[in-house]
$ cat query.json   # JSON, C-alpha atoms
[["chain", "number", "residue", "atom", "x", "y", "z"],
["A", 1, "MET", "CA", 14.40, 3.43, 60.08],
["A", 2, "ARG", "CA", 15.97, 0.83, 62.34],
["A", 3, "THR", "CA", 19.53, 1.31, 63.64],
["A", 4, "THR", "CA", 21.70, -1.52, 64.98],
["A", 5, "VAL", "CA", 24.98, -0.66, 66.72],
["A", 6, "LYS", "CA", 27.52, -3.38, 67.43],
["A", 7, "GLY", "CA", 31.20, -3.84, 68.13],
["A", 8, "LYS", "CA", 33.60, -6.20, 66.40],
["A", 9, "ASN", "CA", 35.54, -7.85, 69.25],
["A", 10, "LEU", "CA", 34.87, -4.90, 71.55],
["A", 11, "ASP", "CA", 32.14, -3.49, 73.77],
["A", 12, "VAL", "CA", 30.71, -0.24, 72.42],
["A", 13, "LEU", "CA", 30.60, 2.51, 75.02],
["A", 14, "ASP", "CA", 27.18, 4.05, 75.69],
["A", 15, "ARG", "CA", 28.35, 7.52, 74.64],
["A", 16, "ASP", "CA", 29.59, 6.17, 71.26],
["A", 17, "ARG", "CA", 26.39, 4.16, 70.79],
["A", 18, "SER", "CA", 24.15, 7.19, 71.44],
["A", 19, "TYR", "CA", 26.32, 9.42, 69.22],
["A", 20, "ALA", "CA", 26.02, 6.90, 66.37],
["A", 21, "GLU", "CA", 22.25, 6.63, 66.80],
["A", 22, "GLN", "CA", 21.96, 10.42, 66.84],
["A", 23, "LYS", "CA", 23.98, 10.71, 63.62],
["A", 24, "MET", "CA", 21.89, 8.04, 61.92],
["A", 25, "GLN", "CA", 18.73, 10.09, 62.60],
["A", 26, "ARG", "CA", 20.05, 12.43, 59.88],
["A", 27, "LEU", "CA", 19.43, 9.62, 57.40],
["A", 28, "ALA", "CA", 15.86, 9.05, 58.62],
["A", 29, "ARG", "CA", 14.60, 12.07, 56.67],
["A", 30, "LEU", "CA", 15.85, 10.47, 53.42],
["A", 31, "LEU", "CA", 14.60, 6.95, 54.07],
["A", 32, "ASP", "CA", 11.42, 5.07, 54.80],
["A", 33, "ASP", "CA", 10.52, 2.77, 57.70],
["A", 34, "ARG", "CA", 11.71, -0.35, 55.84],
["A", 35, "SER", "CA", 15.33, 0.86, 55.78],
["A", 36, "GLU", "CA", 17.90, -0.46, 58.20],
["A", 37, "VAL", "CA", 21.38, 0.76, 59.08],
["A", 38, "ILE", "CA", 24.04, -1.30, 60.84],
["A", 39, "VAL", "CA", 26.86, 0.56, 62.59],
["A", 40, "GLU", "CA", 29.90, -1.61, 63.37],
["A", 41, "PHE", "CA", 32.80, -0.39, 65.51],
["A", 42, "SER", "CA", 36.24, -1.97, 65.44],
["A", 43, "ILE", "CA", 39.82, -1.16, 66.36],
["A", 44, "GLU", "CA", 42.83, -2.10, 64.26],
["A", 45, "HIS", "CA", 46.12, -1.84, 66.11],
["A", 46, "ASN", "CA", 48.48, -2.35, 63.18],
["A", 47, "ARG", "CA", 47.61, 0.99, 61.54],
["A", 48, "SER", "CA", 48.88, 4.46, 62.28],
["A", 49, "ALA", "CA", 47.43, 6.18, 65.37],
["A", 50, "ASP", "CA", 45.25, 8.38, 63.14],
["A", 51, "GLU", "CA", 43.44, 5.37, 61.65],
["A", 52, "THR", "CA", 42.98, 2.89, 64.51],
["A", 53, "HIS", "CA", 39.25, 3.48, 65.13],
["A", 54, "ILE", "CA", 37.10, 2.06, 62.32],
["A", 55, "VAL", "CA", 33.38, 2.57, 61.77],
["A", 56, "GLU", "CA", 31.57, 0.64, 59.04],
["A", 57, "LEU", "CA", 28.03, 1.63, 58.09],
["A", 58, "THR", "CA", 25.83, -0.73, 56.10],
["A", 59, "LEU", "CA", 22.56, 0.74, 54.90],
["A", 60, "LEU", "CA", 19.91, -1.58, 53.46],
["A", 61, "LEU", "CA", 18.03, 0.61, 51.01],
["A", 62, "ASP", "CA", 15.41, -0.88, 48.68],
["A", 63, "GLY", "CA", 16.92, -4.29, 49.36],
["A", 64, "GLN", "CA", 20.41, -3.21, 48.31],
["A", 65, "PRO", "CA", 23.32, -2.81, 50.73],
["A", 66, "ILE", "CA", 25.19, 0.48, 50.65],
["A", 67, "ARG", "CA", 28.45, 0.60, 52.63],
["A", 68, "ALA", "CA", 30.73, 3.30, 53.95],
["A", 69, "VAL", "CA", 33.88, 2.75, 55.99],
["A", 70, "ALA", "CA", 35.84, 5.44, 57.80],
["A", 71, "ARG", "CA", 39.03, 5.32, 59.86],
["A", 72, "ALA", "CA", 40.04, 8.02, 62.32],
["A", 73, "ALA", "CA", 41.78, 8.66, 65.63],
["A", 74, "THR", "CA", 38.44, 8.48, 67.53],
["A", 75, "PHE", "CA", 35.14, 6.73, 66.97],
["A", 76, "ARG", "CA", 33.30, 10.06, 66.84],
["A", 77, "ALA", "CA", 35.47, 11.34, 64.01],
["A", 78, "ALA", "CA", 35.04, 8.04, 62.15],
["A", 79, "ILE", "CA", 31.25, 8.17, 62.64],
["A", 80, "ASP", "CA", 31.14, 11.72, 61.25],
["A", 81, "ALA", "CA", 33.13, 10.75, 58.14],
["A", 82, "ALA", "CA", 31.19, 7.52, 57.52],
["A", 83, "ALA", "CA", 27.82, 9.26, 58.06],
["A", 84, "ASP", "CA", 28.73, 11.91, 55.48],
["A", 85, "ARG", "CA", 29.70, 9.22, 52.96],
["A", 86, "ILE", "CA", 26.62, 7.06, 53.52],
["A", 87, "GLU", "CA", 24.33, 10.09, 53.26],
["A", 88, "HIS", "CA", 25.93, 11.04, 49.94],
["A", 89, "LEU", "CA", 25.56, 7.46, 48.65],
["A", 90, "ALA", "CA", 21.92, 7.29, 49.81],
["A", 91, "VAL", "CA", 21.10, 10.55, 48.01],
["A", 92, "GLU", "CA", 22.81, 9.23, 44.85],
["A", 93, "HIS", "CA", 20.83, 6.01, 45.10],
["A", 94, "LYS", "CA", 17.53, 7.86, 45.45],
["A", 95, "GLU", "CA", 18.30, 10.16, 42.49],
["A", 96, "ARG", "CA", 19.15, 7.36, 40.03],
["A", 97, "PRO", "CA", 16.70, 6.92, 37.20],
["A", 98, "ARG", "CA", 13.85, 4.49, 37.75],
["A", 99, "ALA", "CA", 15.05, 2.24, 34.94],
["A", 100, "ARG", "CA", 18.16, 1.27, 36.94],
["A", 101, "GLY", "CA", 17.17, -2.41, 36.94],
["A", 102, "ARG", "CA", 16.72, -2.64, 33.19],
["A", 103, "SER", "CA", 19.39, -3.98, 30.90],
["A", 104, "ASP", "CA", 20.97, -1.86, 28.19],
["A", 105, "ALA", "CA", 19.05, -3.82, 25.55],
["A", 106, "ALA", "CA", 15.75, -3.12, 27.30],
["A", 107, "LYS", "CA", 16.61, 0.59, 27.57],
["A", 108, "THR", "CA", 17.42, 0.73, 23.83],
["A", 109, "ILE", "CA", 14.15, -0.97, 22.91],
["A", 110, "LEU", "CA", 12.11, 1.31, 25.20],
["A", 111, "ARG", "CA", 13.86, 4.39, 23.81],
["A", 112, "SER", "CA", 13.19, 3.31, 20.21],
["A", 113, "LEU", "CA", 9.51, 2.64, 21.02],
["A", 114, "ALA", "CA", 9.20, 6.08, 22.59],
["A", 115, "GLU", "CA", 10.85, 7.73, 19.57],
["A", 116, "GLY", "CA", 8.91, 5.65, 17.05],
["A", 117, "THR", "CA", 12.06, 4.26, 15.45],
["A", 118, "GLN", "CA", 13.08, 0.67, 14.87],
["A", 119, "ALA", "CA", 15.16, -1.03, 17.54],
["A", 120, "PRO", "CA", 18.60, -2.30, 16.47],
["A", 121, "ALA", "CA", 19.04, -6.00, 15.66],
["A", 122, "GLU", "CA", 19.78, -8.46, 18.45],
["A", 123, "HIS", "CA", 23.37, -9.01, 19.57],
["A", 124, "ASP", "CA", 25.01, -11.76, 17.48],
["A", 125, "GLY", "CA", 26.15, -13.64, 20.60],
["A", 126, "THR", "CA", 29.88, -13.04, 20.26],
["A", 127, "ARG", "CA", 31.52, -11.54, 23.31],
["A", 128, "SER", "CA", 34.52, -9.25, 23.37],
["A", 129, "VAL", "CA", 36.57, -7.34, 25.91],
["A", 130, "VAL", "CA", 35.13, -3.83, 25.99],
["A", 131, "LYS", "CA", 37.10, -2.39, 28.90],
["A", 132, "VAL", "CA", 40.61, -2.90, 30.26],
["A", 133, "LYS", "CA", 41.52, -1.56, 33.69],
["A", 134, "ARG", "CA", 45.12, -1.29, 34.86],
["A", 135, "PHE", "CA", 46.11, -0.44, 38.41],
["A", 136, "ALA", "CA", 49.14, -0.53, 40.68],
["A", 137, "ILE", "CA", 49.19, -3.52, 42.99],
["A", 138, "GLU", "CA", 51.11, -3.85, 46.23],
["A", 139, "PRO", "CA", 51.54, -6.77, 48.63],
["A", 140, "MET", "CA", 49.11, -6.83, 51.57],
["A", 141, "PHE", "CA", 47.81, -9.26, 54.14],
["A", 142, "GLU", "CA", 44.38, -10.91, 53.88],
["A", 143, "GLU", "CA", 42.92, -8.71, 56.62],
["A", 144, "ASP", "CA", 44.03, -5.55, 54.80],
["A", 145, "ALA", "CA", 42.57, -6.87, 51.53],
["A", 146, "VAL", "CA", 39.21, -7.52, 53.22],
["A", 147, "ALA", "CA", 39.21, -4.00, 54.68],
["A", 148, "ARG", "CA", 40.13, -2.46, 51.32],
["A", 149, "MET", "CA", 37.47, -4.47, 49.48],
["A", 150, "GLU", "CA", 34.81, -3.38, 51.99],
["A", 151, "GLU", "CA", 36.00, 0.23, 51.80],
["A", 152, "LEU", "CA", 35.57, 0.17, 48.02],
["A", 153, "GLY", "CA", 32.23, -1.60, 48.28],
["A", 154, "HIS", "CA", 33.26, -4.30, 45.79],
["A", 155, "SER", "CA", 32.33, -7.98, 45.86],
["A", 156, "PHE", "CA", 35.86, -9.07, 44.91],
["A", 157, "PHE", "CA", 39.40, -7.74, 45.26],
["A", 158, "LEU", "CA", 42.62, -8.75, 43.45],
["A", 159, "PHE", "CA", 45.85, -8.39, 45.45],
["A", 160, "VAL", "CA", 49.34, -9.79, 46.03],
["A", 161, "ASN", "CA", 49.37, -11.80, 49.25],
["A", 162, "ALA", "CA", 52.20, -10.49, 51.45],
["A", 163, "GLU", "CA", 52.62, -13.90, 53.12],
["A", 164, "ASN", "CA", 53.60, -15.80, 49.98],
["A", 165, "GLU", "CA", 53.97, -12.98, 47.39],
["A", 166, "ARG", "CA", 51.47, -14.64, 45.07],
["A", 167, "LEU", "CA", 48.47, -13.24, 43.30],
["A", 168, "ALA", "CA", 45.16, -13.82, 45.13],
["A", 169, "LEU", "CA", 41.52, -13.03, 44.46],
["A", 170, "LEU", "CA", 39.36, -12.31, 47.50],
["A", 171, "TYR", "CA", 35.59, -12.54, 47.03],
["A", 172, "ARG", "CA", 32.42, -12.25, 49.10],
["A", 173, "ARG", "CA", 30.42, -15.47, 49.34],
["A", 174, "ARG", "CA", 26.62, -15.61, 49.34],
["A", 175, "ASP", "CA", 26.65, -16.56, 53.05],
["A", 176, "GLY", "CA", 28.46, -13.30, 53.88],
["A", 177, "ASP", "CA", 31.86, -14.88, 54.53],
["A", 178, "TYR", "CA", 34.87, -14.47, 52.25],
["A", 179, "GLY", "CA", 36.59, -16.83, 49.86],
["A", 180, "MET", "CA", 40.02, -16.59, 48.29],
["A", 181, "ILE", "CA", 41.37, -17.96, 45.02],
["A", 182, "GLU", "CA", 45.14, -18.43, 44.74],
["A", 183, "PRO", "CA", 46.12, -19.50, 41.22],
["A", 184, "THR", "CA", 49.20, -21.63, 40.58],
["A", 185, "ILE", "CA", 51.01, -22.21, 37.31],
["A", 186, "GLY", "CA", 51.41, -25.84, 36.32],
["A", 187, "GLY", "CA", 50.29, -27.03, 39.75],
["A", 188, "SER", "CA", 47.50, -29.41, 40.52],
["A", 189, "TYR", "CA", 44.02, -28.42, 41.63],
["A", 190, "THR", "CA", 43.34, -28.87, 45.35],
["A", 191, "PRO", "CA", 39.61, -28.52, 46.07],
["A", 192, "GLY", "CA", 38.35, -27.22, 49.38],
["A", 193, "ARG", "CA", 41.66, -26.06, 50.81],
["A", 194, "ARG", "CA", 39.78, -23.84, 53.27]]
$ encode --input "query.json" --output "structure tokens"
Amino acid sequence: MRTTVKGKNLDVLDRDRSYAEQKMQRLARLLDDRSEVIVEFSIEHNRSADETHIVELTLLLDGQPIRAVARAATFRAAIDAAADRIEHLAVEHKERPRARGRSDAAKTILRSLAEGTQAPAEHDGTRSVVKVKRFAIEPMFEEDAVARMEELGHSFFLFVNAENERLALLYRRRDGDYGMIEPTIGGSYTPGRR
């Protein structure tokens, strides 16, 4: 397993670098030589003193990124918390059934073949809302939304922008950067604002 340690707008001290590398060796027993883990250190001064040191771990496992973010008063404490989370996520990933890449339709057909029964008819093509999720939303700045989205491991995040108190959708682009959609009511479309 390959480990890369880097700092986001800061130089990582040798003692923190070696501690992170030592902690990542715990993961080596779960992973193969093709796996890679990236450890990124950063400091955020606008948080409480207990959450200023941030460690983000990105584990590339079977071609899929698995992320864990931890905030603490020191980098060592953040590394410990993030390492525990990433190890738990890696174990979960390894224990998932092998058919994880198959669609629900394929799983149903395979199950019916195994049981000797007839598979259900194809979907008629109509789509419907099958799940509604409601959650409390609070105003936050773009930087906080990015951090929250990364913490959750999602590819998009809906929030109220604290700068203009409007709804915004933050999303991860294919190039690794972020994009943001800010809808307006009755306004005109302005392409390529950013």
$ closest_residue --input "query.json" --among "A:Arg34, A:Ala90, A:Glu151, A:Glu163" --to "Met1 of chain A" --atoms "all atoms listed in the file"
A:Arg34
$ atom_distance --input "query.json" --atom1 "atom CA of Val69 of chain A" --atom2 "atom CA of Arg148 of chain A"
9.4 Å
$ closest_residue --input "query.json" --among "A:Val37, A:Leu158, A:Ala28, A:Leu10" --to "Leu60 of chain A" --atoms "only C-alpha atoms"
A:Val37
$ residues_near_point --input "query.json" --point "(36.7, -4.1, 46.9)" --cutoff "12 Å" --atoms "all atoms listed in the file" --output "PyMOL selection string"
chain A and resi 67-69+144-159+169-172+178
$ residues_around --input "query.json" --residues "Glu36 of chain A" --least-positions-apart "5" --cutoff "9 Å" --atoms "all atoms listed in the file" --output "list in words"
Met1, Arg2, Thr3, Thr4, Thr58, Leu59, Leu60 and Leu61 of chain A
$ residues_around --input "query.json" --residues "Ala72 of chain A" --least-positions-apart "6" --cutoff "7 Å" --atoms "all atoms listed in the file" --output "list of chain:residue names"
A:Asp50, A:Glu51, A:Thr52, A:His53, A:Ile54, A:Ala78
$ write_last_selection --input "query.json" --atoms "C-alpha atoms" --output "compact mmCIF listing (two decimals), in the coordinates of the input"
# COMPACT_ATOMS: atom_id res chain seq x y z
CA ASP A 50 45.25 8.38 63.14
CA GLU A 51 43.44 5.37 61.65
CA THR A 52 42.98 2.89 64.51
CA HIS A 53 39.25 3.48 65.13
CA ILE A 54 37.10 2.06 62.32
CA ALA A 78 35.04 8.04 62.15
$ atom_distance --input "query.json" --atom1 "atom CA of Phe41 of chain A" --atom2 "atom CA of Ile86 of chain A"
15.4 Å
$ axis_aligned_box --input "query.json" --around "segment 176-181 of chain A" --padding-each-side "5 Å" --output "lines of an AutoDock Vina configuration file"
center_x = 34.9
center_y = -15.6
center_z = 49.8
size_x = 22.9
size_y = 14.7
size_z = 19.5
$ atom_distance --input "query.json" --atom1 "atom CA of Asp16 of chain A" --atom2 "atom CA of Glu44 of chain A"
17.1 Å
$ residues_around --input "query.json" --residues "Asp84 of chain A" --least-positions-apart "4" --cutoff "12 Å" --atoms "only C-alpha atoms" --output "list in words"
Lys23, Met24, Arg26, Leu27, Leu57, Arg67, Ala68, Val69, Ala70, Ala77, Ala78, Ile79, Asp80, His88, Leu89, Ala90 and Val91 of chain A
